[in-house]
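*Asks:* Let me give you the structure first, and then I'll get to my questions.
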Amino acid sequence: MKIGWIGLGNMGVPMAINLVKAGYELTFYNRTPNKGEELIELGGKRAQSLTELVEKSDLIFTMVSDDNAVKSVYLENGILSHAEAGKIFIDMSTVSPQTSQLIYNTALENGVKYLDAPVSGSVQPAKEGKLLVLVGGDEDVYEQVKSVFEPMSKLSIYLGNSGAGSNAKLAINLLLGITVQGIAESVLFAEKQGIKQEDMLTIINESAVGTAISKMKTSSILNNEFPAAFALKHMAKDLRLASETVKLQEIGASANKTYQSALENGLGELDVMAVLKELKGDGSTSL
């Protein structure tokens with residue numbers, strides 16, 4: 001199966017690399033032409049246009065930033081209009097379920113197949129091929145392609161009709177956003193009462209509420225450095241999408257308000273854990 005890949009951001013690059021390392025013939029396209037050198041060194045090929053990429057591929061992955069980027073790639077004389085019947089498209093971006101359903105319906109009209117398959121996990125799991133792939137669409141299409149997910153993931157799971165993958169991704173990121181804010185609030189509360197951050201994080205990590213994310217973010221909190229493993233701007237986007245999909249309960253709505261404020265205060269390019277700076281009242285990009 002010849003694979004096409006569109007989108008070489010922080011997540012897209014390691015995911016595509018894992019496919020090439022697994023032996024798949026991969027052609028990629030990115031709007032920024034200087035990206036993809038590592039893929040070329042491993043045997044990947046650069047397409048000069050989206051049309052060329054679609055023509056050379058049986059299965060096309062997209063991994064781009066948001067709903068507008070997905071619509072731009074697929075619609076408005078995009079890749080669906082250049083596809084022969086039978087080709088398969090898989091969007092791994094985090095977008096609204098409404099956008100996924102729109103692309104799915106347009107794909108059907110063009111005689112091609114489409115899955116929404118966003119991933120749970122950040123850059124390091126992407127490099128290690130340990131992402132969680134959340135799939136919505138036609139189950140027979142998933143069965144046809146699920147082996148291709150294996151080099152990128154520890155698990156892919158079929159969840160239902162088109163949009164189900166996108167809904168599941170918003171749900172898990174809602175929990176992530178609440179959890180990260182909870183860690184920050186706990187640390188700041190303890191600090192105000194004279195308890196050192198290091199001691200409070202030890203308590204959290206060694207207790208029943210300790211999680212992989214609390215352990216992962218400990219050094220970042222202690223060093224007050226927040227290089228983006230998962231940028232806060234993406235969390236703000238995901239919580240906004242969740243709030244536009246359903247009315248969030250009080251905890252979710254509070255988290256959404258906090259991350260939107262952090263985004264407005266210039267923290268978007270930092271890691272999601274920089275929500276601590278927002279809660280502390282240090283809403284700036286200076287560290």
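Chain lettering (A, B, ...) mirrors the order of the structure tokens, residue numbering begins at 1 for each chain separately, and ligand numbering begins at 1 in order of display.
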Might you pull out every residue within 9 Å of range 154-156 of chain A, with only C-alpha atoms counted and same-chain residues fewer than 6 positions away left off, and present them as a PyMOL selection string?
*Replies:* chain A and resi 117+119+129-135+146
*Asks:* Restricting it to all heavy atoms, dump the selection as a PDB file, in the first residue's frame.
*Replies:*
```pdb
ATOM      1  N   ALA A 117      -9.423   9.888  12.574  1.00  0.00           N
ATOM      2  CA  ALA A 117      -8.596   9.055  13.443  1.00  0.00           C
ATOM      3  C   ALA A 117      -7.590   9.908  14.220  1.00  0.00           C
ATOM      4  O   ALA A 117      -6.376   9.743  14.090  1.00  0.00           O
ATOM      5  CB  ALA A 117      -7.866   7.992  12.626  1.00  0.00           C
ATOM      6  N   VAL A 119      -5.313  11.290  17.355  1.00  0.00           N
ATOM      7  CA  VAL A 119      -4.471  10.499  18.261  1.00  0.00           C
ATOM      8  C   VAL A 119      -4.405  11.144  19.635  1.00  0.00           C
ATOM      9  O   VAL A 119      -4.435  12.368  19.772  1.00  0.00           O
ATOM     10  CB  VAL A 119      -3.046  10.325  17.703  1.00  0.00           C
ATOM     11  CG1 VAL A 119      -3.101   9.553  16.386  1.00  0.00           C
ATOM     12  CG2 VAL A 119      -2.348  11.667  17.502  1.00  0.00           C
ATOM     13  N   GLY A 129       6.199   5.589  18.759  1.00  0.00           N
ATOM     14  CA  GLY A 129       5.157   4.776  18.148  1.00  0.00           C
ATOM     15  C   GLY A 129       4.171   4.233  19.163  1.00  0.00           C
ATOM     16  O   GLY A 129       3.673   3.121  19.029  1.00  0.00           O
ATOM     17  N   LYS A 130       3.854   5.043  20.180  1.00  0.00           N
ATOM     18  CA  LYS A 130       2.984   4.587  21.264  1.00  0.00           C
ATOM     19  C   LYS A 130       1.756   5.473  21.429  1.00  0.00           C
ATOM     20  O   LYS A 130       1.240   5.657  22.529  1.00  0.00           O
ATOM     21  CB  LYS A 130       3.775   4.530  22.572  1.00  0.00           C
ATOM     22  CG  LYS A 130       4.873   3.476  22.563  1.00  0.00           C
ATOM     23  CD  LYS A 130       5.600   3.419  23.907  1.00  0.00           C
ATOM     24  CE  LYS A 130       6.683   2.344  23.893  1.00  0.00           C
ATOM     25  NZ  LYS A 130       7.410   2.278  25.178  1.00  0.00           N
ATOM     26  N   LEU A 131       1.282   6.030  20.334  1.00  0.00           N
ATOM     27  CA  LEU A 131       0.069   6.834  20.376  1.00  0.00           C
ATOM     28  C   LEU A 131      -1.166   5.940  20.511  1.00  0.00           C
ATOM     29  O   LEU A 131      -1.097   4.721  20.293  1.00  0.00           O
ATOM     30  CB  LEU A 131      -0.039   7.671  19.103  1.00  0.00           C
ATOM     31  CG  LEU A 131       1.064   8.715  18.894  1.00  0.00           C
ATOM     32  CD1 LEU A 131       1.013   9.265  17.484  1.00  0.00           C
ATOM     33  CD2 LEU A 131       0.962   9.831  19.928  1.00  0.00           C
ATOM     34  N   LEU A 132      -2.270   6.546  20.848  1.00  0.00           N
ATOM     35  CA  LEU A 132      -3.568   5.879  20.874  1.00  0.00           C
ATOM     36  C   LEU A 132      -4.403   6.471  19.745  1.00  0.00           C
ATOM     37  O   LEU A 132      -4.634   7.679  19.715  1.00  0.00           O
ATOM     38  CB  LEU A 132      -4.247   6.104  22.224  1.00  0.00           C
ATOM     39  CG  LEU A 132      -5.610   5.469  22.463  1.00  0.00           C
ATOM     40  CD1 LEU A 132      -5.526   3.948  22.368  1.00  0.00           C
ATOM     41  CD2 LEU A 132      -6.163   5.889  23.828  1.00  0.00           C
ATOM     42  N   VAL A 133      -4.826   5.647  18.799  1.00  0.00           N
ATOM     43  CA  VAL A 133      -5.558   6.124  17.626  1.00  0.00           C
ATOM     44  C   VAL A 133      -7.046   5.885  17.835  1.00  0.00           C
ATOM     45  O   VAL A 133      -7.485   4.758  18.089  1.00  0.00           O
ATOM     46  CB  VAL A 133      -5.084   5.417  16.339  1.00  0.00           C
ATOM     47  CG1 VAL A 133      -5.805   5.985  15.118  1.00  0.00           C
ATOM     48  CG2 VAL A 133      -3.575   5.562  16.170  1.00  0.00           C
ATOM     49  N   LEU A 134      -7.843   6.941  17.707  1.00  0.00           N
ATOM     50  CA  LEU A 134      -9.279   6.927  17.984  1.00  0.00           C
ATOM     51  C   LEU A 134     -10.026   7.075  16.663  1.00  0.00           C
ATOM     52  O   LEU A 134      -9.983   8.128  16.046  1.00  0.00           O
ATOM     53  CB  LEU A 134      -9.633   8.063  18.938  1.00  0.00           C
ATOM     54  CG  LEU A 134      -8.700   8.206  20.162  1.00  0.00           C
ATOM     55  CD1 LEU A 134      -9.032   9.472  20.952  1.00  0.00           C
ATOM     56  CD2 LEU A 134      -8.770   6.971  21.047  1.00  0.00           C
ATOM     57  N   VAL A 135     -10.721   6.038  16.248  1.00  0.00           N
ATOM     58  CA  VAL A 135     -11.199   5.956  14.863  1.00  0.00           C
ATOM     59  C   VAL A 135     -12.724   6.026  14.764  1.00  0.00           C
ATOM     60  O   VAL A 135     -13.454   5.315  15.457  1.00  0.00           O
ATOM     61  CB  VAL A 135     -10.718   4.650  14.198  1.00  0.00           C
ATOM     62  CG1 VAL A 135     -11.117   4.630  12.717  1.00  0.00           C
ATOM     63  CG2 VAL A 135      -9.207   4.488  14.362  1.00  0.00           C
ATOM     64  N   LYS A 146      -6.289  -0.976   9.436  1.00  0.00           N
ATOM     65  CA  LYS A 146      -5.840  -0.885  10.828  1.00  0.00           C
ATOM     66  C   LYS A 146      -4.394  -1.322  11.033  1.00  0.00           C
ATOM     67  O   LYS A 146      -3.715  -0.831  11.947  1.00  0.00           O
ATOM     68  CB  LYS A 146      -6.768  -1.669  11.752  1.00  0.00           C
ATOM     69  CG  LYS A 146      -6.767  -3.169  11.579  1.00  0.00           C
ATOM     70  CD  LYS A 146      -7.718  -3.812  12.591  1.00  0.00           C
ATOM     71  CE  LYS A 146      -7.732  -5.324  12.492  1.00  0.00           C
ATOM     72  NZ  LYS A 146      -8.657  -5.924  13.488  1.00  0.00           N
TER      73      LYS A 146
END
```
*Asks:* With 7 Å as the cut-off and only C-alpha atoms counted, what is the closest atom pair between each nearby residue of range 96-120 of chain A and range 162-183 of chain A? Distances in Å to one decimal, ordered by chain and number, as CSV.
*Replies:*
```
residue,atom,partner,partner_atom,distance
A:Ser96,CA,A:Ser166,CA,6.2
A:Pro97,CA,A:Gly163,CA,4.4
A:Gln98,CA,A:Gly163,CA,6.9
A:Ser100,CA,A:Gly163,CA,5.3
A:Gln101,CA,A:Ser162,CA,5.7
A:Tyr104,CA,A:Ser162,CA,6.7
A:Leu115,CA,A:Ser162,CA,6.8
A:Asp116,CA,A:Gly165,CA,5.8
A:Ala117,CA,A:Gly165,CA,5.6
A:Pro118,CA,A:Gly165,CA,6.3
A:Ser120,CA,A:Lys169,CA,6.8
```
*Asks:* Of the residues A:Ser214, A:Asn18, A:Asn77, A:Ser186, which is the one nearest to Met152 in chain A, using only C-alpha atoms?
*Replies:*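 Using only C-alpha atoms, the shortest distance to Met152 in chain A belongs to A:Asn18.
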*Asks:* So that I can see what lies close to range 34-39 of chain A, please list as a PyMOL selection string the residues with an atom at most 8 Å from it, counting only C-alpha atoms and leaving out residues fewer than 6 positions away in the same chain.
*Replies:* chain A and resi 8+13+16-17+20+28+45-46
*Asks:* Please, which residues of range 17-197 of chain A, numbered as in this document, come out strand (DSSP E) from DSSP, as a VMD selection string?
*Replies:* chain A and resid 26 to 29 45 to 46 59 to 62 88 to 91 113 to 116 119 to 120 131 to 137 153 to 160
*Asks:* Restrict the selected residues to N, CA, C and O atoms and save them as a short mmCIF file (atom, residue, chain, number, x, y, z; two decimals), in the first residue's frame.
*Replies:*
```
data_model
loop_
_atom_site.label_atom_id
_atom_site.label_comp_id
_atom_site.auth_asym_id
_atom_site.auth_seq_id
_atom_site.Cartn_x
_atom_site.Cartn_y
_atom_site.Cartn_z
N LEU A 26 6.36 5.92 1.14
CA LEU A 26 5.64 7.11 1.58
C LEU A 26 6.06 8.33 0.78
O LEU A 26 7.24 8.60 0.59
N THR A 27 5.04 9.05 0.31
CA THR A 27 5.23 10.34 -0.35
C THR A 27 4.60 11.40 0.53
O THR A 27 3.50 11.20 1.06
N PHE A 28 5.30 12.51 0.73
CA PHE A 28 4.78 13.53 1.63
C PHE A 28 4.67 14.88 0.93
O PHE A 28 5.34 15.15 -0.06
N TYR A 29 3.81 15.72 1.49
CA TYR A 29 3.68 17.10 1.02
C TYR A 29 3.53 18.00 2.23
O TYR A 29 2.82 17.67 3.19
N LYS A 45 9.60 10.26 -0.19
CA LYS A 45 9.67 11.07 -1.40
C LYS A 45 8.80 12.31 -1.23
O LYS A 45 7.70 12.24 -0.69
N ARG A 46 9.29 13.43 -1.75
CA ARG A 46 8.56 14.69 -1.65
C ARG A 46 7.70 14.90 -2.89
O ARG A 46 8.18 14.80 -4.02
N LEU A 59 -3.42 5.37 0.09
CA LEU A 59 -3.93 5.78 1.40
C LEU A 59 -3.27 7.10 1.76
O LEU A 59 -2.04 7.20 1.79
N ILE A 60 -4.08 8.12 2.05
CA ILE A 60 -3.54 9.45 2.32
C ILE A 60 -3.88 9.85 3.75
O ILE A 60 -5.06 9.89 4.14
N PHE A 61 -2.85 10.15 4.54
CA PHE A 61 -3.01 10.66 5.90
C PHE A 61 -2.89 12.18 5.89
O PHE A 61 -2.05 12.74 5.18
N THR A 62 -3.70 12.83 6.73
CA THR A 62 -3.52 14.26 6.98
C THR A 62 -3.35 14.48 8.47
O THR A 62 -4.01 13.85 9.29
N ILE A 88 -8.35 5.94 -0.06
CA ILE A 88 -8.73 6.07 1.35
C ILE A 88 -8.02 7.28 1.95
O ILE A 88 -6.82 7.45 1.78
N PHE A 89 -8.77 8.10 2.66
CA PHE A 89 -8.24 9.28 3.33
C PHE A 89 -8.47 9.13 4.83
O PHE A 89 -9.56 8.74 5.27
N ILE A 90 -7.44 9.45 5.62
CA ILE A 90 -7.53 9.36 7.07
C ILE A 90 -7.01 10.66 7.67
O ILE A 90 -5.85 11.00 7.50
N ASP A 91 -7.89 11.37 8.37
CA ASP A 91 -7.47 12.60 9.03
C ASP A 91 -7.16 12.30 10.49
O ASP A 91 -8.02 11.82 11.23
N LYS A 113 -13.09 6.90 0.36
CA LYS A 113 -13.35 6.49 1.74
C LYS A 113 -12.61 7.43 2.70
O LYS A 113 -11.53 7.92 2.40
N TYR A 114 -13.21 7.61 3.89
CA TYR A 114 -12.64 8.57 4.84
C TYR A 114 -12.86 8.11 6.27
O TYR A 114 -13.95 7.64 6.63
N LEU A 115 -11.81 8.23 7.08
CA LEU A 115 -11.90 7.97 8.51
C LEU A 115 -11.40 9.20 9.27
O LEU A 115 -10.46 9.86 8.84
N ASP A 116 -12.04 9.51 10.39
CA ASP A 116 -11.43 10.45 11.34
C ASP A 116 -10.70 9.59 12.36
O ASP A 116 -11.27 8.67 12.94
N VAL A 119 -5.31 11.29 17.35
CA VAL A 119 -4.47 10.50 18.26
C VAL A 119 -4.40 11.14 19.63
O VAL A 119 -4.43 12.37 19.77
N SER A 120 -4.31 10.30 20.65
CA SER A 120 -4.04 10.76 22.01
C SER A 120 -2.58 10.47 22.30
O SER A 120 -2.11 9.35 22.14
N LEU A 131 1.28 6.03 20.33
CA LEU A 131 0.07 6.83 20.38
C LEU A 131 -1.17 5.94 20.51
O LEU A 131 -1.10 4.72 20.29
N LEU A 132 -2.27 6.55 20.85
CA LEU A 132 -3.57 5.88 20.87
C LEU A 132 -4.40 6.47 19.74
O LEU A 132 -4.63 7.68 19.71
N VAL A 133 -4.83 5.65 18.80
CA VAL A 133 -5.56 6.12 17.63
C VAL A 133 -7.05 5.89 17.84
O VAL A 133 -7.49 4.76 18.09
N LEU A 134 -7.84 6.94 17.71
CA LEU A 134 -9.28 6.93 17.98
C LEU A 134 -10.03 7.07 16.66
O LEU A 134 -9.98 8.13 16.05
N VAL A 135 -10.72 6.04 16.25
CA VAL A 135 -11.20 5.96 14.86
C VAL A 135 -12.72 6.03 14.76
O VAL A 135 -13.45 5.32 15.46
N GLY A 136 -13.19 6.89 13.85
CA GLY A 136 -14.59 6.96 13.49
C GLY A 136 -14.75 6.83 11.99
O GLY A 136 -13.86 7.20 11.23
N GLY A 137 -15.89 6.28 11.56
CA GLY A 137 -16.13 6.07 10.13
C GLY A 137 -16.69 4.69 9.89
O GLY A 137 -17.26 4.06 10.79
N SER A 153 1.40 3.46 16.78
CA SER A 153 0.55 3.42 17.97
C SER A 153 0.74 2.16 18.80
O SER A 153 1.23 1.13 18.31
N LYS A 154 0.33 2.26 20.05
CA LYS A 154 0.24 1.08 20.91
C LYS A 154 -1.14 0.45 20.79
O LYS A 154 -1.33 -0.71 21.13
N LEU A 155 -2.11 1.23 20.29
CA LEU A 155 -3.47 0.72 20.15
C LEU A 155 -4.26 1.63 19.22
O LEU A 155 -4.16 2.85 19.29
N SER A 156 -5.04 1.03 18.34
CA SER A 156 -6.07 1.77 17.62
C SER A 156 -7.40 1.15 18.00
O SER A 156 -7.50 -0.06 18.19
N ILE A 157 -8.41 1.99 18.14
CA ILE A 157 -9.70 1.51 18.59
C ILE A 157 -10.81 2.10 17.72
O ILE A 157 -10.87 3.32 17.51
N TYR A 158 -11.68 1.22 17.18
CA TYR A 158 -12.80 1.68 16.37
C TYR A 158 -13.95 2.04 17.30
O TYR A 158 -14.36 1.25 18.15
N LEU A 159 -14.51 3.25 17.12
CA LEU A 159 -15.47 3.79 18.08
C LEU A 159 -16.87 3.99 17.53
O LEU A 159 -17.80 4.23 18.29
N GLY A 160 -17.03 3.91 16.20
CA GLY A 160 -18.37 4.10 15.64
C GLY A 160 -18.35 4.94 14.39
O GLY A 160 -17.33 5.09 13.74
#
```
*Asks:* What is the CA of Ala262 in chain A to CA of Gly12 in chain A distance in Å?
*Replies:*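 According to the coordinates, CA of Ala262 in chain A and CA of Gly12 in chain A are separated by 25.5 Å.
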*Asks:* By how many Å are CA of Asn161 in chain A and CA of Leu241 in chain A apart?
*Replies:*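 For CA of Asn161 in chain A relative to CA of Leu241 in chain A, the distance reads 18.9 Å.
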*Asks:* Among range 101-141 of chain A, which residues does DSSP mark as alpha helix (DSSP H) when it is run on the backbone? Keep the chain and numbering as in the structure and answer as a list in words.
*Replies:*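 Result set for range 101-141 of chain A (alpha helix (DSSP H)): Gln101, Leu102, Ile103, Tyr104, Asn105, Thr106, Ala107, Leu108, Glu109, Val123, Gln124, Pro125, Ala126, Lys127, Glu128, Glu139, Asp140 and Val141 of chain A.
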*Asks:* With only C-alpha atoms as the counted atoms, please give the residues lying no more than 7 Å from Leu222 in chain A, apart from itself and same-chain residues fewer than 3 positions off, as a PDB file with N, CA and C atoms, in the first residue's frame.
*Replies:*
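Listing of part.pdb after writing:
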```
ATOM      1  N   GLN A 197       7.063  23.182  46.401  1.00  0.00           N
ATOM      2  CA  GLN A 197       6.554  22.516  45.195  1.00  0.00           C
ATOM      3  C   GLN A 197       7.076  21.085  45.096  1.00  0.00           C
ATOM      4  N   GLU A 198       8.362  20.922  45.348  1.00  0.00           N
ATOM      5  CA  GLU A 198       8.969  19.598  45.229  1.00  0.00           C
ATOM      6  C   GLU A 198       8.301  18.591  46.155  1.00  0.00           C
ATOM      7  N   THR A 218       6.447  17.072  36.289  1.00  0.00           N
ATOM      8  CA  THR A 218       7.090  17.480  37.536  1.00  0.00           C
ATOM      9  C   THR A 218       8.317  18.359  37.300  1.00  0.00           C
ATOM     10  N   SER A 219       9.219  17.915  36.433  1.00  0.00           N
ATOM     11  CA  SER A 219      10.446  18.687  36.212  1.00  0.00           C
ATOM     12  C   SER A 219      10.139  20.039  35.593  1.00  0.00           C
TER      13      SER A 219
END
```
*Asks:* Measuring atom to atom with only C-alpha atoms, identify which of A:Asp199, A:Asp271, A:Glu244, A:Asp138 is nearest to Val123 in chain A.
*Replies:* A:Asp271
*Asks:* Find the residues near Asp67 in chain A: any atom within 8 Å, counting only C-alpha atoms, skip ones fewer than 6 places away on the same chain, and give them as a ChimeraX atom specification.
*Replies:* /A:94-96,99
*Asks:* Could you take the residues named above and write them with N, CA, C and O atoms, as a tab-separated table (two decimals), in the first residue's frame?
*Replies:*
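This is the output file selection_34.tsv:
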```
chain	number	residue	atom	x	y	z
A	94	THR	N	-6.92	16.93	15.22
A	94	THR	CA	-7.98	17.11	16.21
A	94	THR	C	-8.89	18.22	15.74
A	94	THR	O	-8.50	19.40	15.74
A	95	VAL	N	-10.08	17.84	15.32
A	95	VAL	CA	-11.05	18.80	14.80
A	95	VAL	C	-12.42	18.48	15.38
A	95	VAL	O	-12.60	17.48	16.07
A	96	SER	N	-13.38	19.33	15.10
A	96	SER	CA	-14.73	19.10	15.61
A	96	SER	C	-15.37	17.90	14.91
A	96	SER	O	-15.06	17.61	13.74
A	99	THR	N	-16.88	18.88	11.58
A	99	THR	CA	-15.97	18.93	10.44
A	99	THR	C	-15.69	17.54	9.91
A	99	THR	O	-15.67	17.31	8.70
```
*Asks:* Quick one: everything within 10 Å of Leu75 in chain A, counting only C-alpha atoms, minus sequence neighbours fewer than 4 positions away in the same chain. Send it as a list in words.
*Replies:*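 Contacts, in chain order: Ala69, Val70, Lys71, Ile79, Leu80, Ser81, Leu102, Ile103, Thr106 and Ala107 of chain A.
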*Asks:* Restrict the selected residues to N, CA and C atoms and save them as a PDB file, in the first residue's frame.
*Replies:*
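What landed in out08.pdb:
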```pdb
ATOM      1  N   ALA A  69      -7.652  24.326   8.621  1.00  0.00           N
ATOM      2  CA  ALA A  69      -6.598  23.696   7.834  1.00  0.00           C
ATOM      3  C   ALA A  69      -7.106  22.416   7.182  1.00  0.00           C
ATOM      4  N   VAL A  70      -7.892  21.634   7.913  1.00  0.00           N
ATOM      5  CA  VAL A  70      -8.452  20.399   7.357  1.00  0.00           C
ATOM      6  C   VAL A  70      -9.384  20.712   6.193  1.00  0.00           C
ATOM      7  N   LYS A  71     -10.257  21.682   6.380  1.00  0.00           N
ATOM      8  CA  LYS A  71     -11.182  22.051   5.308  1.00  0.00           C
ATOM      9  C   LYS A  71     -10.422  22.565   4.088  1.00  0.00           C
ATOM     10  N   ILE A  79      -8.007  17.918  -1.892  1.00  0.00           N
ATOM     11  CA  ILE A  79      -7.562  16.580  -2.287  1.00  0.00           C
ATOM     12  C   ILE A  79      -8.706  15.640  -2.655  1.00  0.00           C
ATOM     13  N   LEU A  80      -9.889  15.851  -2.113  1.00  0.00           N
ATOM     14  CA  LEU A  80     -10.993  14.958  -2.462  1.00  0.00           C
ATOM     15  C   LEU A  80     -11.392  15.107  -3.927  1.00  0.00           C
ATOM     16  N   SER A  81     -11.245  16.309  -4.463  1.00  0.00           N
ATOM     17  CA  SER A  81     -11.651  16.549  -5.849  1.00  0.00           C
ATOM     18  C   SER A  81     -10.658  15.972  -6.849  1.00  0.00           C
ATOM     19  N   LEU A 102     -18.603  16.432   7.867  1.00  0.00           N
ATOM     20  CA  LEU A 102     -18.634  17.148   6.596  1.00  0.00           C
ATOM     21  C   LEU A 102     -17.664  16.523   5.595  1.00  0.00           C
ATOM     22  N   ILE A 103     -16.445  16.247   6.040  1.00  0.00           N
ATOM     23  CA  ILE A 103     -15.453  15.646   5.146  1.00  0.00           C
ATOM     24  C   ILE A 103     -15.890  14.252   4.735  1.00  0.00           C
ATOM     25  N   THR A 106     -18.574  14.495   2.084  1.00  0.00           N
ATOM     26  CA  THR A 106     -17.988  14.943   0.822  1.00  0.00           C
ATOM     27  C   THR A 106     -17.185  13.825   0.175  1.00  0.00           C
ATOM     28  N   ALA A 107     -16.485  13.056   0.988  1.00  0.00           N
ATOM     29  CA  ALA A 107     -15.718  11.922   0.465  1.00  0.00           C
ATOM     30  C   ALA A 107     -16.644  10.908  -0.203  1.00  0.00           C
TER      31      ALA A 107
END
```
